[in-house]
Amino acid sequence: MSEKLDFIITDDLHSSRLDQALGSLVDTHSRSVLKGYIEEGLVSVDGQVVTKPSFKLVMGQRLELTLKEPESLEVVAQNLPLDIVYSDEHLIVINKPINFVVHPGAGVKDGTVMNAVLYHFPQTKILPRAGIVHRLDKDTSGLMVIALTQKAQQALVKAISKHDVVREYEAVAEGLIASGGTVDAAIGRDVHNRTRMAIMPDGIGREAVTHYRVMECYRAHSRIRLRLETGRTHQIRVHMASIGHPLLGDNVYGGRRIRHLSKASDELQQCLHDFRHQALHAVHIEFVHPVTDELLSFDCPLPDDMQHLISLLKEDAAQHV
């Protein structure tokens with residue numbers, strides 16, 4: 001069954017192109033896919049189908065998008081462990097470890113969160129993407145919410161699109177960050193390397209906003225807390241790299257520069273050398289339950305390797321005051 005999303009055009013989207021507005025409002029699909037939906041007649045403005053992506057919108061107009069049911073994927077159920085933080089008949093919240101892909105894709109046919117969900121919750125077989133409504137990168141750990149029913153999935157997709165789901169992360173970034181701030185910079189596919197994302201000029205990429213604050217500073221690194229206003233692919237990693245503070249361990253976006261810290265202990269040097277993934281963990285998620293209307297809020301501790309890293313960085317900083 002197809003899903004429908006509806007939005008009211010607010011002042012900040014007044015005079016925007018239809019495809020640009022949808023790109024800002026819908027986190028779960030690329031702008032090229034959304035443009036295709038427009039051209040196929042799946043988008044209406046105030047009840048009238050509009051097929052021109054360049055159509056200019058006016059504040060107060062009602063937008064309705066019909067999401068096509070995705071093509072059936074032959075994704076097999078696999079008995080893989082899931083760290084379930086919360087569950088009821090409508091949804092689950094899991095704590096995803098690193099090295100765990102969320103769903104099958106290019107070069108990854110199985111061994112994913114989706115395969116595990118299909119095994120433990122076979123009722124999700126009838127849902128698009130087996131109930132998965134947002135993603136974490138393979139080597140980002142932390143909290144994810146997954147729908148178990150169609151009603152829950154539709155409501156959660158809409159809540160995420162409207163930025164009503166609070167998602168917060170902790171990370172260790174390279175360099176000393178003086179104070180918190182906001183990175184407001186559009187993100188799109190890197191034209192030189194299609195596996196990477198990059199900051200794009202206004203009007204080309206998709207809107208992306210990341211808020212961050214400094215928790216602690218060490219000798220050459222900073223521990224930060226981040227809140228996503230949008231949820232683009234690699235958003236935190238790209239945004240922090242763009243302001244000169246890539247995440248420690250992030251080979252893709254430059255977070256392997258500080259591999260040797262002068263006068264550090266052998267244990268810390270080894271830890272820095274061996275940290276092979278971005279130091280990023282989804283620590284908090286908060287949303288209104290799609291059926292009961294109860295406000296749900298979940299937190300989970302940092303994984304052991306990040307806790308060990310932070311402990312060593314603190315100890316090193318104390319020794320070099």
# chains A, B, ... in the order shown; residues from 1 in each chain; ligands from 1
$ residues_around --residues "Gln270 (chain A)" --least-positions-apart "5" --cutoff "10 Å" --atoms "only C-alpha atoms" --output "list in words"
Arg259, His260, Ala264, Ser265 and Phe275 of chain A
$ write_last_selection --atoms "N, CA, C and O atoms" --output "mmCIF file, in the first residue's frame"
data_model
loop_
_atom_site.group_PDB
_atom_site.id
_atom_site.type_symbol
_atom_site.label_atom_id
_atom_site.label_comp_id
_atom_site.auth_asym_id
_atom_site.auth_seq_id
_atom_site.Cartn_x
_atom_site.Cartn_y
_atom_site.Cartn_z
ATOM 1 N N ARG A 259 47.580 11.020 14.275
ATOM 2 C CA ARG A 259 47.874 9.620 14.542
ATOM 3 C C ARG A 259 48.996 9.475 15.564
ATOM 4 O O ARG A 259 49.260 8.390 16.046
ATOM 5 N N HIS A 260 49.638 10.600 15.847
ATOM 6 C CA HIS A 260 50.705 10.576 16.848
ATOM 7 C C HIS A 260 50.570 11.832 17.697
ATOM 8 O O HIS A 260 50.556 12.942 17.187
ATOM 9 N N ALA A 264 52.424 11.483 24.546
ATOM 10 C CA ALA A 264 51.291 10.694 25.039
ATOM 11 C C ALA A 264 51.767 9.317 25.462
ATOM 12 O O ALA A 264 52.825 8.837 25.030
ATOM 13 N N SER A 265 50.989 8.648 26.301
ATOM 14 C CA SER A 265 51.342 7.308 26.746
ATOM 15 C C SER A 265 51.281 6.340 25.571
ATOM 16 O O SER A 265 50.589 6.572 24.574
ATOM 17 N N PHE A 275 42.019 3.097 16.295
ATOM 18 C CA PHE A 275 40.608 3.501 16.201
ATOM 19 C C PHE A 275 40.254 3.656 14.728
ATOM 20 O O PHE A 275 40.548 4.664 14.102
#
$ residues_around --residues "region 294-306 of chain A" --least-positions-apart "2" --cutoff "7 Å" --atoms "only C-alpha atoms" --output "MDAnalysis selection string"
chainID A and resid 279 281 283:289 292 308:310
$ select_by_dssp --residues "region 122-183 of chain A" --states "helix (DSSP H, G or I)" --output "ChimeraX atom specification"
/A:122-126,128-131,150-161
$ write_last_selection --atoms "N, CA and C atoms" --output "PDB file, in the first residue's frame"
ATOM      1  N   PRO A 122       8.681 -11.111  12.013  1.00  0.00           N
ATOM      2  CA  PRO A 122       8.284 -11.476  10.640  1.00  0.00           C
ATOM      3  C   PRO A 122       7.116 -10.672  10.091  1.00  0.00           C
ATOM      4  N   GLN A 123       6.345 -10.035  10.974  1.00  0.00           N
ATOM      5  CA  GLN A 123       5.224  -9.218  10.495  1.00  0.00           C
ATOM      6  C   GLN A 123       5.697  -8.029   9.675  1.00  0.00           C
ATOM      7  N   THR A 124       6.984  -7.665   9.785  1.00  0.00           N
ATOM      8  CA  THR A 124       7.496  -6.520   9.032  1.00  0.00           C
ATOM      9  C   THR A 124       7.724  -6.853   7.558  1.00  0.00           C
ATOM     10  N   LYS A 125       7.527  -8.087   7.173  1.00  0.00           N
ATOM     11  CA  LYS A 125       7.740  -8.485   5.776  1.00  0.00           C
ATOM     12  C   LYS A 125       6.847  -7.692   4.830  1.00  0.00           C
ATOM     13  N   ILE A 126       5.670  -7.276   5.297  1.00  0.00           N
ATOM     14  CA  ILE A 126       4.733  -6.552   4.426  1.00  0.00           C
ATOM     15  C   ILE A 126       5.007  -5.051   4.395  1.00  0.00           C
ATOM     16  N   PRO A 128       7.275  -1.523   3.802  1.00  0.00           N
ATOM     17  CA  PRO A 128       8.423  -1.010   3.043  1.00  0.00           C
ATOM     18  C   PRO A 128       9.679  -0.982   3.921  1.00  0.00           C
ATOM     19  N   ARG A 129      10.776  -1.494   3.379  1.00  0.00           N
ATOM     20  CA  ARG A 129      12.071  -1.528   4.084  1.00  0.00           C
ATOM     21  C   ARG A 129      11.969  -2.217   5.448  1.00  0.00           C
ATOM     22  N   ALA A 130      10.997  -3.140   5.570  1.00  0.00           N
ATOM     23  CA  ALA A 130      10.806  -3.910   6.814  1.00  0.00           C
ATOM     24  C   ALA A 130      10.638  -3.004   8.032  1.00  0.00           C
ATOM     25  N   GLY A 131      10.029  -1.836   7.830  1.00  0.00           N
ATOM     26  CA  GLY A 131       9.740  -0.935   8.947  1.00  0.00           C
ATOM     27  C   GLY A 131      10.834   0.047   9.283  1.00  0.00           C
ATOM     28  N   GLN A 150       2.148  -0.782   9.831  1.00  0.00           N
ATOM     29  CA  GLN A 150       2.046   0.241   8.787  1.00  0.00           C
ATOM     30  C   GLN A 150       1.701   1.596   9.377  1.00  0.00           C
ATOM     31  N   LYS A 151       0.781   1.617  10.332  1.00  0.00           N
ATOM     32  CA  LYS A 151       0.386   2.883  10.950  1.00  0.00           C
ATOM     33  C   LYS A 151       1.573   3.557  11.620  1.00  0.00           C
ATOM     34  N   ALA A 152       2.353   2.770  12.356  1.00  0.00           N
ATOM     35  CA  ALA A 152       3.522   3.326  13.029  1.00  0.00           C
ATOM     36  C   ALA A 152       4.548   3.820  12.019  1.00  0.00           C
ATOM     37  N   GLN A 153       4.754   3.068  10.957  1.00  0.00           N
ATOM     38  CA  GLN A 153       5.748   3.476   9.968  1.00  0.00           C
ATOM     39  C   GLN A 153       5.360   4.781   9.283  1.00  0.00           C
ATOM     40  N   GLN A 154       4.111   4.887   8.865  1.00  0.00           N
ATOM     41  CA  GLN A 154       3.677   6.114   8.201  1.00  0.00           C
ATOM     42  C   GLN A 154       3.806   7.323   9.115  1.00  0.00           C
ATOM     43  N   ALA A 155       3.432   7.138  10.383  1.00  0.00           N
ATOM     44  CA  ALA A 155       3.507   8.259  11.330  1.00  0.00           C
ATOM     45  C   ALA A 155       4.952   8.643  11.613  1.00  0.00           C
ATOM     46  N   LEU A 156       5.842   7.664  11.754  1.00  0.00           N
ATOM     47  CA  LEU A 156       7.243   7.957  12.039  1.00  0.00           C
ATOM     48  C   LEU A 156       7.935   8.612  10.842  1.00  0.00           C
ATOM     49  N   VAL A 157       7.641   8.144   9.634  1.00  0.00           N
ATOM     50  CA  VAL A 157       8.209   8.772   8.437  1.00  0.00           C
ATOM     51  C   VAL A 157       7.791  10.239   8.369  1.00  0.00           C
ATOM     52  N   LYS A 158       6.532  10.490   8.666  1.00  0.00           N
ATOM     53  CA  LYS A 158       6.038  11.872   8.639  1.00  0.00           C
ATOM     54  C   LYS A 158       6.699  12.710   9.726  1.00  0.00           C
ATOM     55  N   ALA A 159       6.839  12.138  10.932  1.00  0.00           N
ATOM     56  CA  ALA A 159       7.467  12.870  12.036  1.00  0.00           C
ATOM     57  C   ALA A 159       8.917  13.212  11.716  1.00  0.00           C
ATOM     58  N   ILE A 160       9.643  12.278  11.139  1.00  0.00           N
ATOM     59  CA  ILE A 160      11.036  12.538  10.763  1.00  0.00           C
ATOM     60  C   ILE A 160      11.098  13.611   9.686  1.00  0.00           C
ATOM     61  N   SER A 161      10.202  13.534   8.704  1.00  0.00           N
ATOM     62  CA  SER A 161      10.183  14.534   7.635  1.00  0.00           C
ATOM     63  C   SER A 161       9.904  15.934   8.164  1.00  0.00           C
TER      64      SER A 161
END
$ residues_around --residues "Lys138 (chain A)" --least-positions-apart "6" --cutoff "8 Å" --atoms "only C-alpha atoms" --output "VMD selection string"
chain A and resid 98 to 102
$ closest_residue --among "A:Val172, A:Thr140, A:Asp164, A:Ile236" --to "Ala185 (chain A)" --atoms "only C-alpha atoms"
A:Ile236
$ closest_residue --among "A:Leu63, A:Met200, A:Ile38, A:Val26" --to "Asp6 (chain A)" --atoms "only C-alpha atoms"
A:Leu63
$ residues_around --residues "Val85 (chain A)" --least-positions-apart "4" --cutoff "9 Å" --atoms "only C-alpha atoms" --output "PDB file with N, CA, C and O atoms, in the first residue's frame"
ATOM      1  N   ILE A  92       9.972  -0.850  17.737  1.00  0.00           N
ATOM      2  CA  ILE A  92      11.103  -1.202  18.594  1.00  0.00           C
ATOM      3  C   ILE A  92      12.146  -0.094  18.505  1.00  0.00           C
ATOM      4  O   ILE A  92      12.195   0.661  17.525  1.00  0.00           O
ATOM      5  N   VAL A  93      12.958   0.009  19.535  1.00  0.00           N
ATOM      6  CA  VAL A  93      14.138   0.884  19.529  1.00  0.00           C
ATOM      7  C   VAL A  93      15.328  -0.019  19.788  1.00  0.00           C
ATOM      8  O   VAL A  93      15.317  -0.808  20.739  1.00  0.00           O
ATOM      9  N   ILE A  94      16.331   0.059  18.920  1.00  0.00           N
ATOM     10  CA  ILE A  94      17.510  -0.785  19.077  1.00  0.00           C
ATOM     11  C   ILE A  94      18.755   0.060  19.283  1.00  0.00           C
ATOM     12  O   ILE A  94      18.792   1.246  18.925  1.00  0.00           O
ATOM     13  N   ASN A  95      19.781  -0.558  19.853  1.00  0.00           N
ATOM     14  CA  ASN A  95      21.105   0.043  19.968  1.00  0.00           C
ATOM     15  C   ASN A  95      21.993  -0.692  18.968  1.00  0.00           C
ATOM     16  O   ASN A  95      22.393  -1.831  19.189  1.00  0.00           O
ATOM     17  N   LEU A 143      21.237   4.497  18.785  1.00  0.00           N
ATOM     18  CA  LEU A 143      19.801   4.258  18.819  1.00  0.00           C
ATOM     19  C   LEU A 143      19.120   4.463  17.467  1.00  0.00           C
ATOM     20  O   LEU A 143      19.378   5.437  16.757  1.00  0.00           O
ATOM     21  N   PHE A 298      14.750   7.969  24.928  1.00  0.00           N
ATOM     22  CA  PHE A 298      15.698   6.895  25.211  1.00  0.00           C
ATOM     23  C   PHE A 298      17.138   7.415  25.133  1.00  0.00           C
ATOM     24  O   PHE A 298      17.462   8.268  24.302  1.00  0.00           O
ATOM     25  N   CYS A 300      21.339   5.855  25.529  1.00  0.00           N
ATOM     26  CA  CYS A 300      22.182   4.674  25.701  1.00  0.00           C
ATOM     27  C   CYS A 300      23.636   5.111  25.841  1.00  0.00           C
ATOM     28  O   CYS A 300      24.058   6.109  25.239  1.00  0.00           O
TER      29      CYS A 300
END
$ residues_around --residues "region 17-19 of chain A" --least-positions-apart "2" --cutoff "6 Å" --atoms "only C-alpha atoms" --output "PDB file with C-alpha atoms, in the first residue's frame"
ATOM      1  CA  ALA A  21      10.733  22.274  -1.126  1.00  0.00           C
ATOM      2  CA  LEU A  22      10.156  18.515  -1.197  1.00  0.00           C
ATOM      3  CA  LYS A  35      11.621  14.979  -8.891  1.00  0.00           C
ATOM      4  CA  PRO A  53       9.464  20.434 -10.615  1.00  0.00           C
ATOM      5  CA  SER A  54      10.053  24.189 -11.110  1.00  0.00           C
ATOM      6  CA  PHE A  55       6.525  25.122  -9.945  1.00  0.00           C
ATOM      7  CA  LYS A  56       6.800  28.011  -7.449  1.00  0.00           C
TER       8      LYS A  56
END
$ closest_residue --among "A:Arg232, A:His134, A:His239, A:Lys314" --to "His211 (chain A)" --atoms "only C-alpha atoms"
A:His239
$ closest_residue --among "A:Gly249, A:Gly111, A:Gly188, A:Gly47" --to "Pro201 (chain A)" --atoms "only C-alpha atoms"
A:Gly188
$ select_by_dssp --residues "region 47-108 of chain A" --states "strand (DSSP E or B)" --output "PyMOL selection string"
chain A and resi 48-49+56+62-67+84-87+91-96+105+108
$ closest_residue --among "A:Ala77, A:Met114, A:Leu65, A:Ala317" --to "Lys263 (chain A)" --atoms "only C-alpha atoms"
A:Ala317
$ atom_distance --atom1 "CA of Leu176 (chain A)" --atom2 "CA of Leu136 (chain A)"
26.0 Å
$ residues_around --residues "Glu216 (chain A)" --least-positions-apart "2" --cutoff "12 Å" --atoms "only C-alpha atoms" --output "VMD selection string"
chain A and resid 170 to 173 175 to 180 213 to 214 218 to 225 310 to 311 313 to 314 317
$ residues_around --residues "Gln61 (chain A)" --least-positions-apart "2" --cutoff "9 Å" --atoms "only C-alpha atoms" --output "MDAnalysis selection string"
chainID A and resid 7:10 45:46 57:59 63
$ write_last_selection --atoms "N, CA, C and O atoms" --output "PDB file, in the first residue's frame"
ATOM      1  N   PHE A   7       1.991  18.354   3.786  1.00  0.00           N
ATOM      2  CA  PHE A   7       2.712  19.441   4.422  1.00  0.00           C
ATOM      3  C   PHE A   7       2.013  20.764   4.116  1.00  0.00           C
ATOM      4  O   PHE A   7       1.330  20.896   3.099  1.00  0.00           O
ATOM      5  N   ILE A   8       2.188  21.732   4.997  1.00  0.00           N
ATOM      6  CA  ILE A   8       1.758  23.102   4.743  1.00  0.00           C
ATOM      7  C   ILE A   8       3.007  23.942   4.485  1.00  0.00           C
ATOM      8  O   ILE A   8       3.964  23.898   5.262  1.00  0.00           O
ATOM      9  N   ILE A   9       2.999  24.687   3.392  1.00  0.00           N
ATOM     10  CA  ILE A   9       4.159  25.500   3.040  1.00  0.00           C
ATOM     11  C   ILE A   9       4.275  26.680   4.007  1.00  0.00           C
ATOM     12  O   ILE A   9       3.346  27.484   4.136  1.00  0.00           O
ATOM     13  N   THR A  10       5.403  26.758   4.673  1.00  0.00           N
ATOM     14  CA  THR A  10       5.656  27.817   5.643  1.00  0.00           C
ATOM     15  C   THR A  10       6.430  28.969   4.995  1.00  0.00           C
ATOM     16  O   THR A  10       6.862  28.875   3.836  1.00  0.00           O
ATOM     17  N   VAL A  45      -0.729  20.118  -5.197  1.00  0.00           N
ATOM     18  CA  VAL A  45      -0.687  21.371  -4.455  1.00  0.00           C
ATOM     19  C   VAL A  45      -2.124  21.879  -4.353  1.00  0.00           C
ATOM     20  O   VAL A  45      -2.768  22.121  -5.384  1.00  0.00           O
ATOM     21  N   ASP A  46      -2.609  21.992  -3.111  1.00  0.00           N
ATOM     22  CA  ASP A  46      -4.002  22.388  -2.873  1.00  0.00           C
ATOM     23  C   ASP A  46      -4.968  21.531  -3.681  1.00  0.00           C
ATOM     24  O   ASP A  46      -5.952  22.021  -4.266  1.00  0.00           O
ATOM     25  N   LEU A  57       6.039  27.744  -5.176  1.00  0.00           N
ATOM     26  CA  LEU A  57       5.061  27.570  -4.111  1.00  0.00           C
ATOM     27  C   LEU A  57       4.793  28.877  -3.370  1.00  0.00           C
ATOM     28  O   LEU A  57       5.631  29.785  -3.363  1.00  0.00           O
ATOM     29  N   VAL A  58       3.631  28.922  -2.731  1.00  0.00           N
ATOM     30  CA  VAL A  58       3.222  30.090  -1.964  1.00  0.00           C
ATOM     31  C   VAL A  58       2.920  29.664  -0.534  1.00  0.00           C
ATOM     32  O   VAL A  58       2.349  28.580  -0.306  1.00  0.00           O
ATOM     33  N   MET A  59       3.314  30.476   0.418  1.00  0.00           N
ATOM     34  CA  MET A  59       3.066  30.171   1.822  1.00  0.00           C
ATOM     35  C   MET A  59       1.581  29.863   2.054  1.00  0.00           C
ATOM     36  O   MET A  59       0.701  30.555   1.548  1.00  0.00           O
ATOM     37  N   LEU A  63       0.640  20.705   0.462  1.00  0.00           N
ATOM     38  CA  LEU A  63       1.367  19.801  -0.430  1.00  0.00           C
ATOM     39  C   LEU A  63       1.039  18.372  -0.045  1.00  0.00           C
ATOM     40  O   LEU A  63       1.054  18.029   1.139  1.00  0.00           O
TER      41      LEU A  63
END
$ atom_distance --atom1 "CA of His163 (chain A)" --atom2 "CA of Leu5 (chain A)"
13.6 Å
$ atom_distance --atom1 "CA of Thr230 (chain A)" --atom2 "CA of Pro246 (chain A)"
18.9 Å
$ closest_residue --among "A:Phe121, A:Glu229, A:His14, A:Pro104" --to "Ser87 (chain A)" --atoms "only C-alpha atoms"
A:Phe121
$ decode --residues "region 174-202 of chain A" --atoms "N, CA, C and O atoms" --output "PDB file, in the first residue's frame"
ATOM      1  N   GLU A 174      38.579  15.958  15.899  1.00  0.00           N
ATOM      2  CA  GLU A 174      39.970  16.391  15.925  1.00  0.00           C
ATOM      3  C   GLU A 174      40.047  17.907  16.098  1.00  0.00           C
ATOM      4  O   GLU A 174      39.215  18.655  15.594  1.00  0.00           O
ATOM      5  N   GLY A 175      41.047  18.341  16.855  1.00  0.00           N
ATOM      6  CA  GLY A 175      41.249  19.755  17.082  1.00  0.00           C
ATOM      7  C   GLY A 175      40.479  20.265  18.286  1.00  0.00           C
ATOM      8  O   GLY A 175      39.630  19.568  18.848  1.00  0.00           O
ATOM      9  N   LEU A 176      40.794  21.488  18.697  1.00  0.00           N
ATOM     10  CA  LEU A 176      40.151  22.115  19.848  1.00  0.00           C
ATOM     11  C   LEU A 176      39.056  23.050  19.357  1.00  0.00           C
ATOM     12  O   LEU A 176      39.326  24.026  18.653  1.00  0.00           O
ATOM     13  N   ILE A 177      37.821  22.746  19.744  1.00  0.00           N
ATOM     14  CA  ILE A 177      36.670  23.544  19.335  1.00  0.00           C
ATOM     15  C   ILE A 177      36.374  24.532  20.454  1.00  0.00           C
ATOM     16  O   ILE A 177      36.106  24.135  21.590  1.00  0.00           O
ATOM     17  N   ALA A 178      36.406  25.815  20.147  1.00  0.00           N
ATOM     18  CA  ALA A 178      36.300  26.846  21.180  1.00  0.00           C
ATOM     19  C   ALA A 178      34.913  26.919  21.796  1.00  0.00           C
ATOM     20  O   ALA A 178      34.769  27.130  23.002  1.00  0.00           O
ATOM     21  N   SER A 179      33.881  26.756  20.992  1.00  0.00           N
ATOM     22  CA  SER A 179      32.515  26.888  21.512  1.00  0.00           C
ATOM     23  C   SER A 179      31.548  26.178  20.584  1.00  0.00           C
ATOM     24  O   SER A 179      31.908  25.781  19.462  1.00  0.00           O
ATOM     25  N   GLY A 180      30.324  26.013  21.055  1.00  0.00           N
ATOM     26  CA  GLY A 180      29.304  25.368  20.244  1.00  0.00           C
ATOM     27  C   GLY A 180      28.857  26.253  19.098  1.00  0.00           C
ATOM     28  O   GLY A 180      29.230  27.426  18.990  1.00  0.00           O
ATOM     29  N   GLY A 181      28.031  25.673  18.247  1.00  0.00           N
ATOM     30  CA  GLY A 181      27.554  26.440  17.103  1.00  0.00           C
ATOM     31  C   GLY A 181      26.609  25.615  16.249  1.00  0.00           C
ATOM     32  O   GLY A 181      26.146  24.542  16.641  1.00  0.00           O
ATOM     33  N   THR A 182      26.336  26.126  15.080  1.00  0.00           N
ATOM     34  CA  THR A 182      25.446  25.475  14.119  1.00  0.00           C
ATOM     35  C   THR A 182      26.110  25.484  12.755  1.00  0.00           C
ATOM     36  O   THR A 182      26.660  26.510  12.333  1.00  0.00           O
ATOM     37  N   VAL A 183      26.068  24.341  12.087  1.00  0.00           N
ATOM     38  CA  VAL A 183      26.507  24.270  10.694  1.00  0.00           C
ATOM     39  C   VAL A 183      25.250  24.163   9.841  1.00  0.00           C
ATOM     40  O   VAL A 183      24.485  23.210   9.962  1.00  0.00           O
ATOM     41  N   ASP A 184      25.027  25.167   9.017  1.00  0.00           N
ATOM     42  CA  ASP A 184      23.874  25.208   8.116  1.00  0.00           C
ATOM     43  C   ASP A 184      24.422  25.237   6.702  1.00  0.00           C
ATOM     44  O   ASP A 184      24.750  26.299   6.166  1.00  0.00           O
ATOM     45  N   ALA A 185      24.577  24.055   6.111  1.00  0.00           N
ATOM     46  CA  ALA A 185      25.191  23.962   4.790  1.00  0.00           C
ATOM     47  C   ALA A 185      24.600  22.780   4.047  1.00  0.00           C
ATOM     48  O   ALA A 185      24.561  21.660   4.573  1.00  0.00           O
ATOM     49  N   ALA A 186      24.127  23.028   2.847  1.00  0.00           N
ATOM     50  CA  ALA A 186      23.496  21.982   2.045  1.00  0.00           C
ATOM     51  C   ALA A 186      24.494  20.875   1.706  1.00  0.00           C
ATOM     52  O   ALA A 186      25.693  21.122   1.547  1.00  0.00           O
ATOM     53  N   ILE A 187      23.975  19.656   1.598  1.00  0.00           N
ATOM     54  CA  ILE A 187      24.805  18.478   1.326  1.00  0.00           C
ATOM     55  C   ILE A 187      24.287  17.761   0.082  1.00  0.00           C
ATOM     56  O   ILE A 187      23.072  17.654  -0.129  1.00  0.00           O
ATOM     57  N   GLY A 188      25.216  17.290  -0.733  1.00  0.00           N
ATOM     58  CA  GLY A 188      24.862  16.498  -1.909  1.00  0.00           C
ATOM     59  C   GLY A 188      25.957  15.507  -2.218  1.00  0.00           C
ATOM     60  O   GLY A 188      26.995  15.470  -1.550  1.00  0.00           O
ATOM     61  N   ARG A 189      25.731  14.700  -3.222  1.00  0.00           N
ATOM     62  CA  ARG A 189      26.716  13.700  -3.627  1.00  0.00           C
ATOM     63  C   ARG A 189      27.945  14.387  -4.206  1.00  0.00           C
ATOM     64  O   ARG A 189      27.846  15.305  -5.017  1.00  0.00           O
ATOM     65  N   ASP A 190      29.118  13.974  -3.760  1.00  0.00           N
ATOM     66  CA  ASP A 190      30.377  14.540  -4.244  1.00  0.00           C
ATOM     67  C   ASP A 190      30.534  14.221  -5.727  1.00  0.00           C
ATOM     68  O   ASP A 190      30.504  13.054  -6.125  1.00  0.00           O
ATOM     69  N   VAL A 191      30.691  15.253  -6.556  1.00  0.00           N
ATOM     70  CA  VAL A 191      30.764  15.034  -8.008  1.00  0.00           C
ATOM     71  C   VAL A 191      32.032  14.313  -8.408  1.00  0.00           C
ATOM     72  O   VAL A 191      32.107  13.726  -9.492  1.00  0.00           O
ATOM     73  N   HIS A 192      33.051  14.325  -7.548  1.00  0.00           N
ATOM     74  CA  HIS A 192      34.317  13.676  -7.874  1.00  0.00           C
ATOM     75  C   HIS A 192      34.418  12.253  -7.316  1.00  0.00           C
ATOM     76  O   HIS A 192      35.249  11.472  -7.774  1.00  0.00           O
ATOM     77  N   ASN A 193      33.589  11.939  -6.342  1.00  0.00           N
ATOM     78  CA  ASN A 193      33.618  10.609  -5.723  1.00  0.00           C
ATOM     79  C   ASN A 193      32.209  10.292  -5.245  1.00  0.00           C
ATOM     80  O   ASN A 193      31.769  10.803  -4.220  1.00  0.00           O
ATOM     81  N   ARG A 194      31.488   9.438  -5.967  1.00  0.00           N
ATOM     82  CA  ARG A 194      30.070   9.209  -5.704  1.00  0.00           C
ATOM     83  C   ARG A 194      29.813   8.454  -4.403  1.00  0.00           C
ATOM     84  O   ARG A 194      28.673   8.335  -3.976  1.00  0.00           O
ATOM     85  N   THR A 195      30.858   7.933  -3.751  1.00  0.00           N
ATOM     86  CA  THR A 195      30.654   7.273  -2.464  1.00  0.00           C
ATOM     87  C   THR A 195      30.712   8.262  -1.304  1.00  0.00           C
ATOM     88  O   THR A 195      30.420   7.902  -0.167  1.00  0.00           O
ATOM     89  N   ARG A 196      31.089   9.499  -1.598  1.00  0.00           N
ATOM     90  CA  ARG A 196      31.205  10.538  -0.570  1.00  0.00           C
ATOM     91  C   ARG A 196      30.100  11.576  -0.738  1.00  0.00           C
ATOM     92  O   ARG A 196      29.545  11.750  -1.818  1.00  0.00           O
ATOM     93  N   MET A 197      29.816  12.268   0.353  1.00  0.00           N
ATOM     94  CA  MET A 197      28.939  13.439   0.305  1.00  0.00           C
ATOM     95  C   MET A 197      29.806  14.679   0.452  1.00  0.00           C
ATOM     96  O   MET A 197      30.963  14.592   0.902  1.00  0.00           O
ATOM     97  N   ALA A 198      29.245  15.825   0.093  1.00  0.00           N
ATOM     98  CA  ALA A 198      30.031  17.066   0.140  1.00  0.00           C
ATOM     99  C   ALA A 198      29.109  18.261   0.361  1.00  0.00           C
ATOM    100  O   ALA A 198      27.911  18.199   0.105  1.00  0.00           O
ATOM    101  N   ILE A 199      29.705  19.366   0.842  1.00  0.00           N
ATOM    102  CA  ILE A 199      28.976  20.624   0.959  1.00  0.00           C
ATOM    103  C   ILE A 199      28.714  21.151  -0.449  1.00  0.00           C
ATOM    104  O   ILE A 199      29.598  21.164  -1.302  1.00  0.00           O
ATOM    105  N   MET A 200      27.470  21.585  -0.682  1.00  0.00           N
ATOM    106  CA  MET A 200      27.070  22.027  -2.013  1.00  0.00           C
ATOM    107  C   MET A 200      26.639  23.494  -1.995  1.00  0.00           C
ATOM    108  O   MET A 200      26.204  24.013  -0.962  1.00  0.00           O
ATOM    109  N   PRO A 201      26.709  24.166  -3.146  1.00  0.00           N
ATOM    110  CA  PRO A 201      26.221  25.557  -3.222  1.00  0.00           C
ATOM    111  C   PRO A 201      24.714  25.608  -2.953  1.00  0.00           C
ATOM    112  O   PRO A 201      23.999  24.635  -3.195  1.00  0.00           O
ATOM    113  N   ASP A 202      24.246  26.744  -2.490  1.00  0.00           N
ATOM    114  CA  ASP A 202      22.809  26.917  -2.246  1.00  0.00           C
ATOM    115  C   ASP A 202      22.014  26.615  -3.513  1.00  0.00           C
ATOM    116  O   ASP A 202      22.400  27.013  -4.615  1.00  0.00           O
TER     117      ASP A 202
END
